[in-house]
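Following: one structure in structure tokens, then a few remarks.
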Amino acid sequence: MGTDTPGIPIAGGIEAGLDRTRPTSTRGTYLEVIHSWIVTVDHKKLGMLYIGYALVFLLVAGFEALMIRAQLFFPHNTFVGPASFNRLFTMHGTTMVFLVGMPILFGFGNYLVPLMVGARDMAFPRLNAFSFWISAFAGLLLYYSFIGGVGLAGTGSAPDVAWFAYAPLTERAFSPGHSTDYWAVAILASGIGSIGTSINIIATVFCMRCRGMTLSRIPLLPWLYATMSFLVLLAVSPLTAAQAMLLIDRYLGGHFFDTQAGGSAILWAHFFWIFGHPEVYVLVLPAFAFANEIIPVFSRKAIFGYPAMVAASVGIGFISLGVWAHHMFTIGMTSFGNAFFTLSTMLVSIPTGIKTFNWLATIWGGKVRFEVPMLFSIAFLFQWVIAGLTGIMLSISAWNWQLHNSYFVVAHFHYVLVGAIVFMIFAALYYWYPKMTGRMLDERLGKWHFWLMVIGFHLTFDFMHFPGLLGMPRQIYTYEPDRGWTLLNQIVSVGGFLQAIAVLIFVYNLVHSYFRGDEAGADPWDAWTLEWSIPSPPPAYNFATDPVVASRRPLWDLKHPEDPDSAFE
Amino acid sequence: MSTIPLEHARDAEPWRLPSRGVMGMAGLITAESTIFTIFVTAYLYYMGRDVTGPTPREVLEIPLFGTICLLSSSGFIMLAERAIEHGKMMAFTLWWAVTMLLGAIFLADTANEWHKLIVHDHLTISTNLFGTCFYSLVGLHASHVIVGLIMMLVVLVLALGRKLHPAHAERVKVLAMYWHFVDAVWVVVFSVIYILGR
């Protein structure tokens, strides 16, 4: 690990194009360093800002989850009151989706997409900086509600309307004070940031590719990020529009969701879930993208079925736009609507199944290296399949009527969000941290992190299905002791605290390895995509000379001139 | 070892990529179209569900003149685009100014309509569902017209100051894409509000 990649024969003529410039180490004063990070338009620095910002909020929202779990540890617990409990789950959900999930994935996109397509920056560097800072502003705004959310009526100090904020609860009459306004404006602002970054990613993938990188040679990660960005344009915009409507209602006396003046609560539900369901795929497509890069490298095989993977990802993107009302079966739809959304939801399992089998086929017969990124990826595969299976169960409208808004649903979507997405985010951090910092993360601490996380995850979210099946609704602050939910809730809570310990070990590892980690070198994993061809951390200009590629795995071609991929394309 | 050698560019092979300006604007238009779709959906969904008046049939008049101005401005901006591509800067400035004038007339027309609705018909955004949907949708569109006019004003000032050159044709084209979008959306908004909804 962390060694040179010796034995690469250098053909004549390439010598001249070598990047021999030493990375400049001009360290300024602290003030200069901070200033350089604030004014930066470098996609790598912005990417790391996104990731750092998201990790801070991950700890905050994780803490909120622990408070929820502490409250539910005993029946009739009085750890937090009902009002605080409402704020906790609202802030936990909103933070995890808008201030953790989206920013961390955009952070990786920012960092990796230009490097992987062989570009020196994103297509619009200043738009990139704007998008980050408005997202950061959204986070501050949301959390400022803890201080500024108290309104004239003296109610509420943080949003308490749940993350989907169903109308008409959010109307002035039912949510006095300003906490709901902070929620709406924060999501509006973060939506603008997301749309800006998505436009940037699409333009980068399609317009900034290096010489030779045709559409069928773009690595899968940029492909999936382009799909994800397209979904953001189509899915986050409705939420932005709906928040504008909500603010018109709250500030200008409009009646969009005012049921007493003929407005419709159901319309909000539609608008929210037109955003809300594709959002799941916005979050999971980057997780797939990480798996597409990590699994082949650690299986020592090229990805199985590249064209099928691209087609399946784009297919998931399209299908996911037509499934939103499966969140609304209990609101009451026509039987045609129920049938349509049941079937369209089941349809998602076809492209996701293709992807799963392709990952398995990539591992099959490979020389698998069980290092930490691969461990997380394997856990991801299992957990993603289980999450998909409970998803198919919930897509059946008759089954959904029984379990809607129960802990079964909570367990299902946490299986996706934690079991698939968070696990792949950890895998990605272990995999690309060496590129970002030039240091390896500690392997031993990583294994502790992994095993504690897996055990904690399964204790929490496997056992969370059962109280749901036994009828425990979500978003309740306490329960009766005679329901038989107590032991299950305690197991769930214990698992939650185990995961918290795992995350703290990870945070320690991040900091510790930054100073003490082994030198990574340019290509610690013996990988094949362009980002590993340049020093770690990469210089500000990325590539001293524009790279040229002749296959999907340019570094493989370079390391194995006797058997290059380009000969088979 | 800090680097791995790559094969480097051979200028002989042509390597053409789509323009990032056009791609970025296409992305923005996609997102904006979705926002408009949501507001149009709300308008259609709430049509005729008011519990109090006034109704669209009572108060709305078809803004034919403004509509003709706005839609014809798309033609003039095309003339401007063609002029700058051929390096005819005088013609460009002229057609560009005409486009802006037509856009401004459209805005004035909308302002007149709103004045009449508010002062004479007592229809505000909080009067009823129709008022909420109408002012939101038309206001959303009008704000796009205003943004377009501001951006076009920047280009006009640059053109009058002789800072704009035929080399900037592609950037002008990207801005023109936005203006065409604003016009195309008006066709939808107009049909929904003044034909379907009236």
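Labeling convention for the structure tokens: chains A, B, ... as they appear, residues from 1 per chain, ligands from 1 in order of appearance.
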
inquiry  = For a quick test of understanding: name the residues of chain B lying within 10 Å of chain A when counting only C-alpha atoms, and present them as a PyMOL selection string.
reply    = chain B and resi 1-11+13-39+41-43+45-46+48-52+124-133+135-136

Output C-alpha atoms for every residue in the selection just made, as a PDB file, in the first residue's frame.
```pdb
ATOM      1  CA  MET B   1       6.472   9.049  -6.940  1.00  0.00           C
ATOM      2  CA  SER B   2       3.910  11.693  -7.340  1.00  0.00           C
ATOM      3  CA  THR B   3       2.656  11.189 -10.824  1.00  0.00           C
ATOM      4  CA  ILE B   4       1.879   8.554 -13.339  1.00  0.00           C
ATOM      5  CA  PRO B   5       2.585   9.460 -16.926  1.00  0.00           C
ATOM      6  CA  LEU B   6      -0.322   9.714 -19.256  1.00  0.00           C
ATOM      7  CA  GLU B   7      -0.437   9.939 -22.958  1.00  0.00           C
ATOM      8  CA  HIS B   8      -0.831  13.540 -23.958  1.00  0.00           C
ATOM      9  CA  ALA B   9      -2.776  15.527 -26.464  1.00  0.00           C
ATOM     10  CA  ARG B  10      -2.230  15.130 -30.143  1.00  0.00           C
ATOM     11  CA  ASP B  11      -3.685  18.194 -31.748  1.00  0.00           C
ATOM     12  CA  GLU B  13      -7.410  14.703 -33.999  1.00  0.00           C
ATOM     13  CA  PRO B  14     -10.428  16.977 -33.765  1.00  0.00           C
ATOM     14  CA  TRP B  15     -12.176  16.815 -30.393  1.00  0.00           C
ATOM     15  CA  ARG B  16     -15.426  18.683 -30.227  1.00  0.00           C
ATOM     16  CA  LEU B  17     -17.631  19.023 -27.157  1.00  0.00           C
ATOM     17  CA  PRO B  18     -20.973  20.762 -26.691  1.00  0.00           C
ATOM     18  CA  SER B  19     -20.858  24.358 -25.469  1.00  0.00           C
ATOM     19  CA  ARG B  20     -21.017  24.529 -21.692  1.00  0.00           C
ATOM     20  CA  GLY B  21     -22.956  27.799 -21.842  1.00  0.00           C
ATOM     21  CA  VAL B  22     -25.701  26.203 -23.906  1.00  0.00           C
ATOM     22  CA  MET B  23     -25.668  23.108 -21.701  1.00  0.00           C
ATOM     23  CA  GLY B  24     -25.861  25.192 -18.522  1.00  0.00           C
ATOM     24  CA  MET B  25     -28.726  27.266 -19.861  1.00  0.00           C
ATOM     25  CA  ALA B  26     -30.530  24.112 -20.974  1.00  0.00           C
ATOM     26  CA  GLY B  27     -30.196  22.841 -17.413  1.00  0.00           C
ATOM     27  CA  LEU B  28     -31.543  26.072 -15.986  1.00  0.00           C
ATOM     28  CA  ILE B  29     -34.455  26.012 -18.413  1.00  0.00           C
ATOM     29  CA  THR B  30     -35.236  22.419 -17.384  1.00  0.00           C
ATOM     30  CA  ALA B  31     -35.352  23.428 -13.725  1.00  0.00           C
ATOM     31  CA  GLU B  32     -37.382  26.565 -14.440  1.00  0.00           C
ATOM     32  CA  SER B  33     -39.846  24.635 -16.598  1.00  0.00           C
ATOM     33  CA  THR B  34     -40.450  22.320 -13.677  1.00  0.00           C
ATOM     34  CA  ILE B  35     -41.123  25.262 -11.371  1.00  0.00           C
ATOM     35  CA  PHE B  36     -43.601  26.693 -13.865  1.00  0.00           C
ATOM     36  CA  THR B  37     -45.205  23.266 -14.253  1.00  0.00           C
ATOM     37  CA  ILE B  38     -45.923  23.180 -10.520  1.00  0.00           C
ATOM     38  CA  PHE B  39     -47.511  26.637 -10.544  1.00  0.00           C
ATOM     39  CA  THR B  41     -50.655  22.536 -12.081  1.00  0.00           C
ATOM     40  CA  ALA B  42     -51.846  24.448  -9.031  1.00  0.00           C
ATOM     41  CA  TYR B  43     -53.693  26.896 -11.281  1.00  0.00           C
ATOM     42  CA  TYR B  45     -56.209  22.164 -10.046  1.00  0.00           C
ATOM     43  CA  TYR B  46     -57.817  25.147  -8.317  1.00  0.00           C
ATOM     44  CA  GLY B  48     -63.376  26.914 -10.354  1.00  0.00           C
ATOM     45  CA  ARG B  49     -62.860  25.851  -6.735  1.00  0.00           C
ATOM     46  CA  ASP B  50     -63.230  29.310  -5.265  1.00  0.00           C
ATOM     47  CA  VAL B  51     -65.605  29.812  -2.391  1.00  0.00           C
ATOM     48  CA  THR B  52     -65.777  33.597  -2.979  1.00  0.00           C
ATOM     49  CA  THR B 124     -55.550  40.807  -4.516  1.00  0.00           C
ATOM     50  CA  ILE B 125     -53.368  37.789  -3.834  1.00  0.00           C
ATOM     51  CA  SER B 126     -55.264  37.137  -0.600  1.00  0.00           C
ATOM     52  CA  THR B 127     -58.815  37.665  -1.910  1.00  0.00           C
ATOM     53  CA  ASN B 128     -59.464  34.106  -3.026  1.00  0.00           C
ATOM     54  CA  LEU B 129     -57.835  31.060  -4.585  1.00  0.00           C
ATOM     55  CA  PHE B 130     -58.051  32.589  -8.046  1.00  0.00           C
ATOM     56  CA  GLY B 131     -56.208  35.678  -6.837  1.00  0.00           C
ATOM     57  CA  THR B 132     -53.508  33.565  -5.161  1.00  0.00           C
ATOM     58  CA  CYS B 133     -52.931  31.401  -8.223  1.00  0.00           C
ATOM     59  CA  TYR B 135     -50.815  36.660  -9.136  1.00  0.00           C
ATOM     60  CA  SER B 136     -48.348  33.882  -8.309  1.00  0.00           C
TER      61      SER B 136
END
```

Contacts of B:His180 at 12 Å (only C-alpha atoms; same-chain gap of 6+ positions) as a PyMOL selection string = chain B and resi 25-26+29+70-78+81+99+103+144-145+148+173-174+186-187

request  = Using only C-alpha atoms, determine which residues lie at most 10 Å from stretch 386-397 of chain A, disregarding the query and same-chain residues fewer than 4 positions distant; provide the list as a VMD selection string.
outcome  = chain A and resid 323 325 to 330 335 337 to 339 341 to 349 352 to 353 380 to 382 401 to 404 408 to 409 411 to 417 419 to 420 462 465

Could the residues in this selection be written to a file with N, CA and C atoms, as a CSV table (one decimal), in the first residue's frame?
```
chain,number,residue,atom,x,y,z
A,323,VAL,N,-43.4,7.6,-9.5
A,323,VAL,CA,-43.7,6.6,-8.4
A,323,VAL,C,-44.2,7.4,-7.2
A,325,ALA,N,-46.7,8.8,-5.7
A,325,ALA,CA,-47.9,8.7,-4.9
A,325,ALA,C,-47.9,7.4,-4.1
A,326,HIS,N,-46.9,6.6,-4.2
A,326,HIS,CA,-46.9,5.4,-3.3
A,326,HIS,C,-46.7,5.9,-1.8
A,327,HIS,N,-46.3,7.1,-1.7
A,327,HIS,CA,-46.3,7.7,-0.3
A,327,HIS,C,-47.7,8.1,0.2
A,328,MET,N,-48.7,8.0,-0.7
A,328,MET,CA,-49.9,8.6,-0.4
A,328,MET,C,-51.1,7.6,-0.6
A,329,PHE,N,-50.8,6.3,-0.5
A,329,PHE,CA,-51.9,5.3,-0.7
A,329,PHE,C,-53.0,5.6,0.4
A,330,THR,N,-52.6,5.9,1.6
A,330,THR,CA,-53.6,6.1,2.6
A,330,THR,C,-54.4,7.4,2.6
A,335,SER,N,-58.8,3.4,-7.5
A,335,SER,CA,-58.1,2.1,-7.6
A,335,SER,C,-57.2,2.1,-8.8
A,337,GLY,N,-55.3,4.7,-9.7
A,337,GLY,CA,-54.1,5.4,-9.1
A,337,GLY,C,-53.3,4.4,-8.3
A,338,ASN,N,-54.0,3.7,-7.4
A,338,ASN,CA,-53.3,2.7,-6.6
A,338,ASN,C,-52.6,1.7,-7.4
A,339,ALA,N,-53.3,1.1,-8.5
A,339,ALA,CA,-52.7,0.1,-9.3
A,339,ALA,C,-51.5,0.7,-10.0
A,341,PHE,N,-49.5,3.3,-9.3
A,341,PHE,CA,-48.3,3.6,-8.5
A,341,PHE,C,-47.7,2.3,-7.9
A,342,THR,N,-48.5,1.3,-7.6
A,342,THR,CA,-48.0,0.0,-7.2
A,342,THR,C,-47.1,-0.6,-8.3
A,343,LEU,N,-47.6,-0.6,-9.5
A,343,LEU,CA,-46.9,-1.2,-10.6
A,343,LEU,C,-45.6,-0.4,-10.9
A,344,SER,N,-45.8,0.9,-11.0
A,344,SER,CA,-44.6,1.7,-11.4
A,344,SER,C,-43.5,1.6,-10.3
A,345,THR,N,-43.9,1.5,-9.0
A,345,THR,CA,-42.9,1.3,-8.0
A,345,THR,C,-42.2,-0.1,-8.1
A,346,MET,N,-43.0,-1.1,-8.4
A,346,MET,CA,-42.4,-2.4,-8.6
A,346,MET,C,-41.4,-2.4,-9.8
A,347,LEU,N,-41.7,-1.6,-10.8
A,347,LEU,CA,-40.8,-1.5,-11.9
A,347,LEU,C,-39.4,-1.0,-11.6
A,348,VAL,N,-39.3,-0.2,-10.5
A,348,VAL,CA,-37.9,0.2,-10.1
A,348,VAL,C,-37.0,-1.0,-9.8
A,349,SER,N,-37.6,-2.1,-9.3
A,349,SER,CA,-36.8,-3.2,-8.9
A,349,SER,C,-36.1,-3.8,-10.1
A,352,THR,N,-32.7,-1.7,-10.7
A,352,THR,CA,-31.9,-1.9,-9.5
A,352,THR,C,-31.4,-3.3,-9.4
A,353,GLY,N,-32.3,-4.2,-9.8
A,353,GLY,CA,-31.8,-5.6,-9.8
A,353,GLY,C,-30.7,-5.8,-10.8
A,380,PHE,N,-23.1,-2.9,2.0
A,380,PHE,CA,-24.0,-2.1,1.2
A,380,PHE,C,-24.8,-3.0,0.3
A,381,LEU,N,-24.2,-4.0,-0.4
A,381,LEU,CA,-24.9,-4.8,-1.3
A,381,LEU,C,-26.0,-5.6,-0.6
A,382,PHE,N,-25.7,-6.2,0.6
A,382,PHE,CA,-26.7,-7.0,1.3
A,382,PHE,C,-27.8,-6.1,1.8
A,401,TRP,N,-51.5,0.1,3.2
A,401,TRP,CA,-52.6,0.6,4.1
A,401,TRP,C,-52.4,0.2,5.5
A,402,GLN,N,-51.9,-1.1,5.7
A,402,GLN,CA,-51.7,-1.6,7.1
A,402,GLN,C,-50.5,-0.9,7.7
A,403,LEU,N,-49.5,-0.7,7.0
A,403,LEU,CA,-48.2,-0.3,7.6
A,403,LEU,C,-47.8,1.2,7.4
A,404,HIS,N,-48.7,1.9,6.8
A,404,HIS,CA,-48.3,3.3,6.5
A,404,HIS,C,-48.1,4.1,7.8
A,408,PHE,N,-42.4,0.3,10.6
A,408,PHE,CA,-41.9,-0.5,9.5
A,408,PHE,C,-41.4,0.4,8.3
A,409,VAL,N,-42.2,1.5,8.1
A,409,VAL,CA,-41.8,2.4,7.0
A,409,VAL,C,-40.5,3.1,7.4
A,411,ALA,N,-38.2,1.9,9.4
A,411,ALA,CA,-37.1,0.9,9.2
A,411,ALA,C,-36.7,0.8,7.8
A,412,HIS,N,-37.7,0.7,6.9
A,412,HIS,CA,-37.4,0.6,5.4
A,412,HIS,C,-36.6,1.7,4.9
A,413,PHE,N,-37.0,3.0,5.2
A,413,PHE,CA,-36.2,4.0,4.5
A,413,PHE,C,-34.9,4.3,5.2
A,414,HIS,N,-34.8,3.9,6.5
A,414,HIS,CA,-33.5,4.0,7.1
A,414,HIS,C,-32.5,2.9,6.5
A,415,TYR,N,-33.1,1.8,6.2
A,415,TYR,CA,-32.3,0.8,5.5
A,415,TYR,C,-31.7,1.3,4.2
A,416,VAL,N,-32.5,2.1,3.5
A,416,VAL,CA,-31.9,2.7,2.3
A,416,VAL,C,-30.9,3.8,2.6
A,417,LEU,N,-31.4,4.7,3.5
A,417,LEU,CA,-30.6,5.9,3.7
A,417,LEU,C,-29.3,5.6,4.5
A,419,GLY,N,-28.3,2.1,5.5
A,419,GLY,CA,-27.7,0.8,5.1
A,419,GLY,C,-27.1,0.9,3.7
A,420,ALA,N,-27.6,1.7,2.8
A,420,ALA,CA,-27.1,1.8,1.5
A,420,ALA,C,-26.2,3.1,1.4
A,462,ASP,N,-32.9,-3.7,11.8
A,462,ASP,CA,-33.6,-4.9,11.7
A,462,ASP,C,-34.7,-5.0,12.7
A,465,HIS,N,-38.2,-3.0,12.3
A,465,HIS,CA,-39.3,-3.4,11.6
A,465,HIS,C,-40.4,-4.0,12.5
```

request  = Mind checking which residues fall within 10 Å of B:Leu107, counting only C-alpha atoms, ignoring those fewer than 4 positions away in the same chain, and posting them as a list in words?
outcome  =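 Residues meeting the cut-off are Gly66, Cys69, Leu70, Leu101, Leu102, Gly103, Ala111, Asn112, Glu113, Ala142, Ser143, Val145 and Ile146 of chain B.
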
Output for the residues just chosen: N, CA and C atoms as a short mmCIF file (atom, residue, chain, number, x, y, z; two decimals), in the first residue's frame:
```cif
data_model
loop_
_atom_site.label_atom_id
_atom_site.label_comp_id
_atom_site.auth_asym_id
_atom_site.auth_seq_id
_atom_site.Cartn_x
_atom_site.Cartn_y
_atom_site.Cartn_z
N GLY B 66 -50.07 43.07 -25.31
CA GLY B 66 -48.84 42.66 -24.61
C GLY B 66 -48.33 41.33 -25.12
N CYS B 69 -46.68 41.69 -28.44
CA CYS B 69 -45.36 42.31 -28.25
C CYS B 69 -44.34 41.29 -27.78
N LEU B 70 -44.70 40.53 -26.73
CA LEU B 70 -43.73 39.60 -26.14
C LEU B 70 -43.36 38.52 -27.15
N LEU B 101 -37.47 46.76 -25.85
CA LEU B 101 -38.63 47.65 -25.83
C LEU B 101 -39.92 46.83 -25.79
N LEU B 102 -39.97 45.79 -26.64
CA LEU B 102 -41.18 44.97 -26.68
C LEU B 102 -41.40 44.27 -25.34
N GLY B 103 -40.31 43.80 -24.73
CA GLY B 103 -40.43 43.19 -23.41
C GLY B 103 -40.95 44.18 -22.39
N ALA B 111 -48.57 45.43 -15.80
CA ALA B 111 -48.74 46.36 -14.68
C ALA B 111 -50.11 47.02 -14.74
N ASN B 112 -50.52 47.44 -15.96
CA ASN B 112 -51.84 48.04 -16.15
C ASN B 112 -52.94 47.09 -15.74
N GLU B 113 -52.79 45.84 -16.19
CA GLU B 113 -53.80 44.83 -15.88
C GLU B 113 -53.92 44.65 -14.36
N ALA B 142 -43.67 37.31 -14.85
CA ALA B 142 -43.22 38.69 -15.00
C ALA B 142 -41.84 38.88 -14.37
N SER B 143 -41.58 38.18 -13.26
CA SER B 143 -40.25 38.33 -12.64
C SER B 143 -39.18 37.77 -13.56
N VAL B 145 -39.40 37.92 -16.83
CA VAL B 145 -39.23 38.96 -17.85
C VAL B 145 -38.30 40.05 -17.31
N ILE B 146 -38.51 40.43 -16.04
CA ILE B 146 -37.68 41.50 -15.46
C ILE B 146 -36.21 41.06 -15.43
#
```

query = Could you state the separation of atom CA of A:Ser216 and atom CA of A:Phe298 in Å, given to one decimal place?
reply =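 If I compute the distance from atom CA of A:Ser216 to atom CA of A:Phe298, I get 22.5 Å.
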
key: helix (DSSP H, G or I) residues, from DSSP on the backbone, in stretch 403-519 of chain A, as a PyMOL selection string   = chain A and resi 403+407-437+443-469+481-483+486-516
